[in-house]
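Here is upload.tsv, consisting of TSV, C-alpha atoms and all ligand atoms:
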```tsv
chain	number	residue	atom	x	y	z
A	287	MET	CA	7.18	12.20	-25.18
A	288	THR	CA	7.31	8.64	-26.50
A	289	SER	CA	6.74	5.64	-24.25
A	290	PRO	CA	9.35	2.93	-23.69
A	291	ARG	CA	9.30	0.33	-26.47
A	292	TYR	CA	9.21	-3.13	-24.98
A	293	GLU	CA	11.40	-5.72	-26.63
A	294	PHE	CA	9.67	-8.96	-25.66
A	295	ASP	CA	6.03	-10.06	-25.67
A	296	THR	CA	6.55	-12.45	-22.80
A	297	VAL	CA	7.84	-12.11	-19.26
A	298	PRO	CA	9.35	-15.05	-17.38
A	299	SER	CA	7.18	-16.21	-14.45
A	300	PRO	CA	8.79	-15.74	-11.05
A	301	GLY	CA	11.63	-18.23	-10.82
A	302	GLU	CA	11.77	-18.81	-14.61
A	303	THR	CA	14.36	-17.60	-17.10
A	304	GLN	CA	14.09	-16.15	-20.59
A	305	THR	CA	16.93	-15.66	-23.09
A	306	ILE	CA	17.73	-12.02	-23.92
A	307	ALA	CA	20.73	-12.74	-26.14
A	308	PRO	CA	23.09	-15.69	-26.48
A	309	GLY	CA	24.63	-16.31	-23.05
A	310	LEU	CA	22.40	-13.77	-21.31
A	311	GLU	CA	19.39	-15.01	-19.32
A	312	TRP	CA	16.68	-12.96	-17.62
A	313	LEU	CA	15.57	-14.38	-14.26
A	314	ARG	CA	12.49	-13.01	-12.47
A	315	MET	CA	12.63	-13.28	-8.71
A	316	PRO	CA	9.51	-12.77	-6.56
A	317	LEU	CA	9.60	-10.00	-3.90
A	318	PRO	CA	7.38	-9.84	-0.79
A	319	LEU	CA	6.45	-6.21	-1.59
A	320	ALA	CA	3.86	-4.20	-3.53
A	321	LEU	CA	6.58	-4.18	-6.20
A	322	ASN	CA	6.37	-7.94	-6.54
A	323	HIS	CA	9.41	-8.84	-8.64
A	324	ILE	CA	13.01	-7.99	-9.47
A	325	ASN	CA	14.86	-8.86	-12.66
A	326	LEU	CA	18.22	-10.60	-12.23
A	327	TRP	CA	20.67	-11.43	-15.01
A	328	LEU	CA	22.66	-14.62	-15.57
A	329	LEU	CA	25.68	-14.26	-17.83
A	330	GLU	CA	27.41	-17.28	-19.32
A	331	ASP	CA	31.18	-17.00	-19.16
A	332	GLY	CA	32.79	-19.99	-20.87
A	333	ASP	CA	31.99	-22.97	-18.67
A	334	ARG	CA	30.81	-20.88	-15.74
A	335	TRP	CA	28.06	-18.41	-14.88
A	336	ILE	CA	28.15	-14.86	-13.54
A	337	ILE	CA	25.16	-13.61	-11.53
A	338	VAL	CA	24.06	-9.96	-11.59
A	339	ASP	CA	21.87	-9.02	-8.58
A	340	THR	CA	20.37	-11.55	-6.22
A	341	GLY	CA	16.86	-10.87	-4.77
A	342	MET	CA	15.78	-10.31	-1.17
A	343	PHE	CA	16.95	-12.93	1.30
A	344	THR	CA	13.70	-14.86	1.79
A	345	ASP	CA	12.77	-18.56	1.75
A	346	ASP	CA	11.10	-17.99	-1.63
A	347	ALA	CA	14.27	-16.54	-3.11
A	348	LYS	CA	16.41	-19.36	-1.74
A	349	SER	CA	14.12	-21.95	-3.28
A	350	VAL	CA	14.21	-20.15	-6.65
A	351	TRP	CA	18.00	-20.13	-6.52
A	352	GLN	CA	18.06	-23.85	-5.70
A	353	ASP	CA	15.97	-24.46	-8.84
A	354	VAL	CA	18.29	-22.24	-10.91
A	355	PHE	CA	21.33	-24.14	-9.64
A	356	ASP	CA	19.69	-27.41	-10.72
A	357	SER	CA	18.11	-26.40	-14.02
A	358	VAL	CA	20.21	-23.54	-15.45
A	359	PHE	CA	23.66	-23.90	-13.90
A	360	ALA	CA	23.38	-27.72	-13.88
A	361	GLY	CA	26.59	-28.34	-12.00
A	362	ARG	CA	28.62	-25.62	-13.70
A	363	PRO	CA	30.49	-23.24	-11.37
A	364	ILE	CA	29.61	-19.61	-10.52
A	365	GLY	CA	32.47	-17.24	-11.40
A	366	HIS	CA	31.31	-14.42	-9.14
A	367	VAL	CA	28.24	-12.48	-8.03
A	368	ILE	CA	27.96	-8.84	-9.14
A	369	VAL	CA	25.63	-6.57	-7.14
A	370	THR	CA	24.59	-3.28	-8.73
A	371	HIS	CA	23.80	-1.57	-5.41
A	372	LEU	CA	23.12	-2.14	-1.74
A	373	HIS	CA	19.32	-2.34	-1.53
A	374	PRO	CA	17.96	-5.61	-0.10
A	375	ASP	CA	16.22	-6.68	-3.33
A	376	HIS	CA	19.60	-6.49	-5.09
A	377	ALA	CA	22.11	-7.45	-2.38
A	378	GLY	CA	19.84	-9.65	-0.23
A	379	CYS	CA	21.03	-13.12	-1.27
A	380	ALA	CA	24.59	-12.06	-2.21
A	381	GLY	CA	26.30	-13.34	0.96
A	382	TRP	CA	24.35	-16.59	0.93
A	383	LEU	CA	24.99	-17.15	-2.80
A	384	THR	CA	28.72	-16.48	-2.64
A	385	GLU	CA	28.97	-18.90	0.27
A	386	GLN	CA	26.90	-21.57	-1.50
A	387	ALA	CA	28.89	-21.20	-4.71
A	388	GLY	CA	32.31	-20.58	-3.10
A	389	CYS	CA	32.83	-17.44	-5.21
A	390	ASP	CA	33.59	-13.72	-4.76
A	391	LEU	CA	31.26	-10.77	-4.42
A	392	TRP	CA	31.87	-7.91	-6.88
A	393	MET	CA	30.54	-4.49	-5.87
A	394	THR	CA	31.54	-0.83	-5.84
A	395	ARG	CA	33.23	0.32	-2.65
A	396	GLU	CA	30.59	2.78	-1.42
A	397	GLU	CA	27.79	0.26	-1.93
A	398	TYR	CA	29.67	-2.52	-0.13
A	399	LEU	CA	30.69	-0.35	2.83
A	400	LEU	CA	27.30	1.34	3.30
A	401	CYS	CA	25.53	-2.00	3.00
A	402	ARG	CA	27.61	-3.46	5.82
A	403	LEU	CA	27.01	-0.34	7.91
A	404	LEU	CA	23.23	-0.42	7.46
A	405	VAL	CA	23.05	-4.15	8.13
A	406	ALA	CA	24.89	-3.51	11.41
A	407	ASP	CA	21.95	-1.29	12.52
A	408	THR	CA	19.65	-4.29	12.66
A	409	GLY	CA	18.87	-5.15	16.26
A	410	ARG	CA	19.88	-1.69	17.52
A	411	GLU	CA	17.50	0.99	18.76
A	412	ALA	CA	16.80	4.03	16.60
A	413	PRO	CA	19.46	6.66	17.38
A	414	GLU	CA	18.69	10.12	18.77
A	415	GLU	CA	19.99	11.59	15.47
A	416	GLY	CA	17.23	9.75	13.63
A	417	LEU	CA	14.51	10.98	15.98
A	418	HIS	CA	15.88	14.53	15.73
A	419	PHE	CA	15.88	14.27	11.91
A	420	TYR	CA	12.25	13.14	11.64
A	421	ARG	CA	11.09	15.58	14.34
A	422	ALA	CA	12.66	18.36	12.24
A	423	ALA	CA	10.75	17.06	9.21
A	424	GLY	CA	7.45	17.45	11.12
A	425	PHE	CA	6.70	13.86	12.23
A	426	SER	CA	3.95	13.38	14.82
A	427	GLU	CA	4.74	11.31	17.95
A	428	GLU	CA	2.83	8.44	16.30
A	429	ALA	CA	4.98	8.63	13.16
A	430	LEU	CA	8.14	8.78	15.31
A	431	ASP	CA	7.02	5.60	17.09
A	432	ALA	CA	6.54	3.90	13.72
A	433	TYR	CA	10.07	4.98	12.70
A	434	GLN	CA	11.49	3.46	15.89
A	435	ARG	CA	9.64	0.22	15.23
A	436	ILE	CA	10.95	-0.22	11.69
A	437	PHE	CA	14.49	1.01	12.40
A	438	GLY	CA	17.00	-1.61	11.34
A	439	PHE	CA	14.60	-3.35	8.91
A	440	PHE	CA	17.29	-3.17	6.23
A	441	GLY	CA	19.34	-6.08	7.51
A	442	ARG	CA	16.36	-8.41	7.90
A	443	TYR	CA	16.33	-9.18	4.18
A	444	ILE	CA	20.07	-9.35	3.64
A	445	SER	CA	22.21	-12.41	4.27
A	446	GLU	CA	25.52	-11.57	5.90
A	447	LEU	CA	27.89	-10.12	3.31
A	448	PRO	CA	31.31	-11.72	2.92
A	449	GLU	CA	34.11	-10.08	4.92
A	450	ALA	CA	36.03	-9.31	1.72
A	451	TYR	CA	34.90	-8.28	-1.75
A	452	HIS	CA	36.27	-7.47	-5.21
A	453	ARG	CA	35.93	-3.78	-5.94
A	454	ILE	CA	34.50	-2.55	-9.25
A	455	ALA	CA	34.65	1.13	-10.21
A	456	GLU	CA	33.68	3.64	-12.92
A	457	ASP	CA	34.94	2.70	-16.39
A	458	ASP	CA	36.15	-0.76	-15.38
A	459	VAL	CA	35.62	-3.17	-18.23
A	460	LEU	CA	34.38	-6.62	-17.21
A	461	SER	CA	34.97	-9.24	-19.89
A	462	ILE	CA	32.26	-11.90	-19.63
A	463	GLY	CA	31.55	-14.57	-22.23
A	464	GLY	CA	33.11	-12.56	-25.09
A	465	ARG	CA	31.22	-9.37	-24.21
A	466	ASP	CA	32.88	-6.35	-22.65
A	467	TRP	CA	30.73	-4.68	-20.00
A	468	ARG	CA	31.81	-1.16	-19.00
A	469	VAL	CA	30.85	0.04	-15.54
A	470	ILE	CA	28.88	3.31	-15.53
A	471	ILE	CA	28.28	4.73	-12.06
A	472	GLY	CA	24.97	6.27	-11.03
A	473	ARG	CA	24.48	8.36	-7.90
A	474	GLY	CA	21.48	9.66	-5.97
A	475	HIS	CA	19.34	6.53	-5.65
A	476	SER	CA	22.24	4.92	-3.82
A	477	PRO	CA	25.81	6.15	-3.37
A	478	GLU	CA	27.74	4.35	-6.16
A	479	HIS	CA	25.31	2.30	-8.22
A	480	ALA	CA	26.94	0.19	-10.96
A	481	CYS	CA	25.29	-0.07	-14.39
A	482	LEU	CA	26.89	-2.39	-16.96
A	483	TYR	CA	27.05	-1.29	-20.58
A	484	ASN	CA	27.94	-3.52	-23.51
A	485	GLU	CA	28.49	-1.45	-26.63
A	486	SER	CA	28.89	-4.23	-29.21
A	487	ASP	CA	25.43	-5.73	-28.63
A	488	ASN	CA	24.01	-2.43	-27.32
A	489	LEU	CA	22.87	-3.69	-23.92
A	490	LEU	CA	22.61	-1.82	-20.61
A	491	ILE	CA	22.03	-3.62	-17.31
A	492	SER	CA	20.62	-0.57	-15.56
A	493	GLY	CA	19.67	-1.84	-12.08
A	494	ASP	CA	17.46	0.80	-10.44
A	495	GLN	CA	19.20	3.63	-12.25
A	496	LEU	CA	16.86	3.57	-15.24
A	497	LEU	CA	13.40	1.95	-15.04
A	498	PRO	CA	10.68	2.00	-17.71
A	499	THR	CA	7.71	3.13	-15.58
A	500	ILE	CA	8.83	3.87	-12.02
A	501	SER	CA	10.81	6.91	-10.94
A	502	SER	CA	13.53	5.53	-8.63
A	503	ASN	CA	13.51	6.75	-5.06
A	504	VAL	CA	15.94	9.61	-4.37
A	505	GLY	CA	15.93	10.43	-0.68
A	506	VAL	CA	17.64	12.08	2.28
A	507	TYR	CA	18.11	9.97	5.41
A	508	PRO	CA	19.31	10.61	8.98
A	509	THR	CA	22.90	9.40	8.47
A	510	GLU	CA	23.50	12.34	6.09
A	511	PRO	CA	20.80	14.87	7.00
A	512	ASP	CA	22.05	17.73	4.79
A	513	ALA	CA	22.59	15.66	1.64
A	514	ASN	CA	21.51	16.87	-1.80
A	515	PRO	CA	21.09	13.55	-3.65
A	516	LEU	CA	18.80	15.02	-6.32
A	517	ASN	CA	21.69	17.08	-7.67
A	518	VAL	CA	23.85	14.01	-8.34
A	519	TRP	CA	20.82	12.04	-9.53
A	520	MET	CA	20.04	14.68	-12.19
A	521	SER	CA	23.71	14.75	-13.27
A	522	THR	CA	23.67	10.96	-13.53
A	523	LEU	CA	20.57	10.98	-15.76
A	524	LYS	CA	22.31	13.45	-18.09
A	525	ASN	CA	25.54	11.45	-17.99
A	526	LEU	CA	23.73	8.21	-18.88
A	527	LYS	CA	22.32	9.93	-21.94
A	528	GLN	CA	25.79	10.96	-23.03
A	529	GLN	CA	27.34	7.57	-22.38
A	530	THR	CA	24.79	5.31	-24.07
A	531	ASP	CA	23.42	4.76	-27.55
A	532	PRO	CA	19.85	6.10	-28.05
A	533	ASP	CA	18.70	2.67	-29.20
A	534	VAL	CA	20.31	0.70	-26.36
A	535	LEU	CA	18.31	-2.26	-25.02
A	536	VAL	CA	17.82	-1.43	-21.34
A	537	LEU	CA	17.66	-4.37	-18.93
A	538	PRO	CA	16.07	-2.80	-15.84
A	539	ALA	CA	15.70	-4.26	-12.34
A	540	HIS	CA	11.94	-3.76	-12.39
A	541	GLY	CA	9.51	-3.87	-15.33
A	542	LYS	CA	10.45	-5.17	-18.77
A	543	PRO	CA	13.46	-4.73	-21.09
A	544	PHE	CA	12.90	-1.67	-23.27
A	545	ARG	CA	14.31	0.68	-25.88
A	546	GLY	CA	13.91	4.44	-25.82
A	547	ALA	CA	16.40	5.13	-23.00
A	548	HIS	CA	17.07	8.73	-23.99
A	549	ASP	CA	13.36	9.64	-24.07
A	550	ARG	CA	12.86	7.95	-20.74
A	551	LEU	CA	15.82	9.87	-19.25
A	552	ASP	CA	14.36	13.14	-20.58
A	553	THR	CA	10.98	12.28	-19.02
A	554	LEU	CA	12.56	11.56	-15.64
A	555	ILE	CA	14.46	14.87	-15.70
A	556	GLN	CA	11.27	16.72	-16.67
A	557	GLU	CA	9.25	15.06	-13.91
A	558	HIS	CA	11.74	16.20	-11.29
A	559	GLU	CA	11.80	19.71	-12.78
A	560	GLN	CA	8.01	19.87	-12.64
A	561	GLY	CA	8.11	18.71	-9.01
A	562	LEU	CA	10.63	21.46	-8.20
A	563	GLU	CA	8.41	24.09	-9.86
A	564	LYS	CA	5.39	22.95	-7.86
A	565	LEU	CA	7.46	22.99	-4.70
A	566	LEU	CA	8.52	26.60	-5.27
A	567	LYS	CA	4.85	27.61	-5.52
A	568	HIS	CA	3.83	25.45	-2.55
A	569	CYS	CA	6.51	27.01	-0.34
A	570	SER	CA	5.32	30.59	-0.89
A	571	GLU	CA	4.33	30.12	2.78
A	572	PRO	CA	6.67	28.33	5.22
A	573	ARG	CA	6.26	24.54	5.02
A	574	ARG	CA	7.73	21.53	6.80
A	575	ALA	CA	8.94	18.51	4.79
A	576	VAL	CA	5.74	16.63	5.65
A	577	ASP	CA	3.62	19.52	4.36
A	578	VAL	CA	4.95	19.40	0.80
A	579	PHE	CA	3.78	15.86	-0.12
A	580	PRO	CA	0.80	17.16	-2.18
A	581	ALA	CA	3.21	19.11	-4.41
A	582	LEU	CA	5.25	15.99	-5.20
A	583	PHE	CA	2.99	12.95	-4.99
A	584	LYS	CA	-0.26	12.19	-6.78
A	585	ARG	CA	-1.34	9.68	-4.15
A	586	GLU	CA	-1.89	10.35	-0.48
A	587	VAL	CA	1.13	9.30	1.62
A	588	GLY	CA	0.13	6.54	4.05
A	589	ALA	CA	1.77	5.76	7.39
A	590	ASP	CA	3.84	2.99	5.78
A	591	SER	CA	5.46	5.31	3.23
A	592	MET	CA	6.23	8.29	5.48
A	593	ILE	CA	9.98	7.59	5.64
A	594	ILE	CA	10.39	7.25	1.87
A	595	ALA	CA	8.12	10.23	1.10
A	596	THR	CA	9.93	12.44	3.62
A	597	GLY	CA	13.30	11.45	2.19
A	598	GLU	CA	12.09	12.28	-1.31
A	599	ALA	CA	10.55	15.61	-0.17
A	600	LEU	CA	13.80	16.63	1.53
A	601	ALA	CA	15.81	15.66	-1.56
A	602	HIS	CA	13.77	18.14	-3.62
A	603	LEU	CA	13.82	20.82	-0.91
A	604	HIS	CA	17.59	20.57	-0.37
A	605	TYR	CA	18.16	20.84	-4.12
A	606	LEU	CA	16.34	24.19	-4.08
A	607	VAL	CA	18.04	25.31	-0.84
A	608	ASP	CA	21.46	24.69	-2.44
A	609	LEU	CA	20.36	26.72	-5.48
A	610	GLY	CA	19.36	29.57	-3.16
A	611	GLU	CA	15.73	29.39	-4.29
A	612	ILE	CA	14.37	28.13	-0.98
A	613	GLU	CA	15.38	29.19	2.51
A	614	LYS	CA	15.46	26.78	5.46
A	615	ARG	CA	14.84	27.98	9.02
A	616	ASP	CA	14.67	25.93	12.21
A	617	ASP	CA	12.20	27.05	14.88
A	618	ASP	CA	12.76	26.83	18.65
A	619	SER	CA	11.32	23.33	18.82
A	620	GLY	CA	13.80	22.08	16.19
A	621	VAL	CA	11.33	21.85	13.30
A	622	SER	CA	12.66	22.96	9.88
A	623	TRP	CA	10.55	25.32	7.76
A	624	PHE	CA	11.19	25.87	4.06
A	625	THR	CA	10.15	29.09	2.30
A	626	THR	CA	10.61	30.18	-1.31
A	627	VAL	CA	12.95	33.14	-1.61
A	628	ARG	CA	11.14	36.07	-3.26
A	629	SER	CA	13.06	37.44	-6.22
B	1	ZN	ZN	17.42	0.34	-5.31
```
Output the file's structure in the form of structure tokens.
Amino acid sequence: MTSPRYEFDTVPSPGETQTIAPGLEWLRMPLPLALNHINLWLLEDGDRWIIVDTGMFTDDAKSVWQDVFDSVFAGRPIGHVIVTHLHPDHAGCAGWLTEQAGCDLWMTREEYLLCRLLVADTGREAPEEGLHFYRAAGFSEEALDAYQRIFGFFGRYISELPEAYHRIAEDDVLSIGGRDWRVIIGRGHSPEHACLYNESDNLLISGDQLLPTISSNVGVYPTEPDANPLNVWMSTLKNLKQQTDPDVLVLPAHGKPFRGAHDRLDTLIQEHEQGLEKLLKHCSEPRRAVDVFPALFKREVGADSMIIATGEALAHLHYLVDLGEIEKRDDDSGVSWFTTVRS
């Protein structure tokens, strides 16, 4: 399996830009997380600029944007802000930016609607459905308390989205600065993630759908407790391979621009398949979602990553349940046990 081939020797410092191609700038935005940056893209469109993804809504991000307005945009207008998907590092500053610039927000419908829904949870108490969901997964009382404390965190890093938006959808072609960008939809990491593909210069703005080193989170959460997101995620990886050129320059949200998309997609598919194999062995005895972490993760899961790890574990378990390879049973106390079906 070949590694991603990086296109540039240098990386812009947080808040700086670097030119990818004429009229296409790479902006690195700092993030207050272990994953300490996100890549955003600035597209020149005649006398105006189009922004793709926005950063988490923090004071740092706002000050970076102020600098970009002064140094890069230099008084020229913003046409619109495109957001690939709803996560706070992508959608965080979108509402604030569109208000500052007096422009529209462009997003897919499922991302826009779910984003507004999740933001509305901020300030509310964790619902009984959420507690039931994590109890079923095997959470201790301590872990349930932690869930209740962080419930609603989503909206803390997102500025209020505009009340109206411009919908983008699969196969739409966005004409920007003489380049046609076709929308390719990815599912599984988020409901309707937009990637933008330009065939003439062989460029793919991939968001979180295709990253050079990280495997994007694919998880099940309490709002849709029976979901099987891994199924649509795997289909998306295969679809991306069909829809893009093998030598496409991938512009990912995290890490560095790279070539070798098809190899990377194959690796991601293989990694999930290996995880599923390990899970089938691990569940030869009944297991709860929290018991299967060693089969899926190399590192020990700490208290701060329980929610993400459980979501990811359930995504893999539900995939196998839907295939009929694992059976799910709930005991009298409401805890779900997963056991491999003997053939
Ligand atoms: Zn994401």
Item checked: Protein and nucleic acid residues within 9 Å of ligand ZN 1 (chain B) (only C-alpha atoms and all ligand atoms) as a list of chain:residue names -> A:Thr370, A:His371, A:Leu372, A:His373, A:Pro374, A:Asp375, A:His376, A:His475, A:Ser476, A:His479, A:Gly493, A:Asp494, A:Gln495, A:Ser502, A:Asn503, A:Ala539
Output C-alpha atoms for every residue in the selection just made, as an mmCIF file, keeping the file's coordinate frame.
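Result written to part15.cif:
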```cif
data_model
loop_
_atom_site.group_PDB
_atom_site.id
_atom_site.type_symbol
_atom_site.label_atom_id
_atom_site.label_comp_id
_atom_site.auth_asym_id
_atom_site.auth_seq_id
_atom_site.Cartn_x
_atom_site.Cartn_y
_atom_site.Cartn_z
ATOM 1 C CA THR A 370 24.590 -3.280 -8.730
ATOM 2 C CA HIS A 371 23.800 -1.570 -5.410
ATOM 3 C CA LEU A 372 23.120 -2.140 -1.740
ATOM 4 C CA HIS A 373 19.320 -2.340 -1.530
ATOM 5 C CA PRO A 374 17.960 -5.610 -0.100
ATOM 6 C CA ASP A 375 16.220 -6.680 -3.330
ATOM 7 C CA HIS A 376 19.600 -6.490 -5.090
ATOM 8 C CA HIS A 475 19.340 6.530 -5.650
ATOM 9 C CA SER A 476 22.240 4.920 -3.820
ATOM 10 C CA HIS A 479 25.310 2.300 -8.220
ATOM 11 C CA GLY A 493 19.670 -1.840 -12.080
ATOM 12 C CA ASP A 494 17.460 0.800 -10.440
ATOM 13 C CA GLN A 495 19.200 3.630 -12.250
ATOM 14 C CA SER A 502 13.530 5.530 -8.630
ATOM 15 C CA ASN A 503 13.510 6.750 -5.060
ATOM 16 C CA ALA A 539 15.700 -4.260 -12.340
#
```
Note to self: I need the residue nearest Thr344 (chain A) from this list: A:Pro318, A:Pro532, A:Thr553, A:Leu310. Use all atoms listed in the file for the distance.
What the structure shows: A:Pro318
Check: What lies within 12 Å of Asn525 (chain A) using all atoms listed in the file, ignoring chain neighbours under 2 positions off, as a list of chain:residue names?
Finding: A:Ile470, A:Ile471, A:Gly472, A:Arg473, A:Gln495, A:Val518, A:Trp519, A:Met520, A:Ser521, A:Thr522, A:Leu523, A:Lys527, A:Gln528, A:Gln529, A:Thr530, A:Asp531, A:His548, A:Leu551, A:Asp552, A:Ile555
Check: Given the choices A:Trp392, A:Phe343, A:Tyr605, A:Trp467, which gets closest to Leu317 (chain A) if the distance is worked out from all atoms listed in the file?
Finding: A:Phe343
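The spacing separating CA of Lys524 (chain A) from CA of Val607 (chain A) amounts to 21.4 Å.
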Notebook entry, point to check: For Glu396 (chain A), which residue out of A:Tyr420, A:Arg465, A:Glu478, A:Val506 is the nearest one, using only C-alpha atoms?
Noted result: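 Counting only C-alpha atoms, the residue closest to Glu396 (chain A) is A:Glu478.
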Contacts of Val354 (chain A) at 9 Å or less, counting all atoms listed in the file, minus same-chain residues fewer than 5 places along, as a PDB file with C-alpha atoms, in the coordinates of the input?
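Contents of the output file selection-v1.pdb:
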```
ATOM      1  CA  GLY A 301      11.630 -18.230 -10.820  1.00  0.00           C
ATOM      2  CA  GLU A 302      11.770 -18.810 -14.610  1.00  0.00           C
ATOM      3  CA  THR A 303      14.360 -17.600 -17.100  1.00  0.00           C
ATOM      4  CA  LEU A 313      15.570 -14.380 -14.260  1.00  0.00           C
ATOM      5  CA  SER A 349      14.120 -21.950  -3.280  1.00  0.00           C
ATOM      6  CA  PHE A 359      23.660 -23.900 -13.900  1.00  0.00           C
ATOM      7  CA  ALA A 360      23.380 -27.720 -13.880  1.00  0.00           C
TER       8      ALA A 360
END
```
Margin query: Here is a test: counting only C-alpha atoms, which residue of A:Asp390, A:Ile444, A:Asp512, A:Pro543 is nearest to Arg314 (chain A)?
Written below: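 Distance minimum relative to Arg314 (chain A) lands on A:Pro543.
Compared by their closest atoms to Asp353 (chain A), and using only C-alpha atoms, the residues A:Gly620, A:Pro538, A:Gly365, A:Pro300 rank with A:Pro300 nearest.
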Box dimensions and centre (Å, one decimal) enclosing region 372-379 of chain A, axis-aligned, 6 Å extra per side, as AutoDock Vina command-line options:
```
--center_x 19.7 --center_y -7.6 --center_z -2.6 --size_x 18.9 --size_y 23.0 --size_z 17.0
```
Checklist line | Closest of A:Leu497, A:Cys389, A:Gly361, A:Glu415 to Tyr451 (chain A) - atom-to-atom distances counting only C-alpha atoms | finding: A:Cys389
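CA of Gly546 (chain A) is positioned 7.9 Å from CA of Thr288 (chain A).
Here CA of His540 (chain A) and CA of Asp333 (chain A) stand 28.5 Å from one another.
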Margin query: For a quick check of your reading of the model, name the residues lying within 12 Å of the coordinate (15.0, 12.4, 0.3), counting all atoms listed in the file, and write them as a PyMOL selection string.
Written below: chain A and resi 419-420+423+474-476+502-517+519+575-576+579+582+592-605
Check: Got a sec: who's within 8 Å of Val459 (chain A), counting only C-alpha atoms, leaving out chain neighbours fewer than 6 positions off, as a ChimeraX atom specification?
Finding: /A:466-469
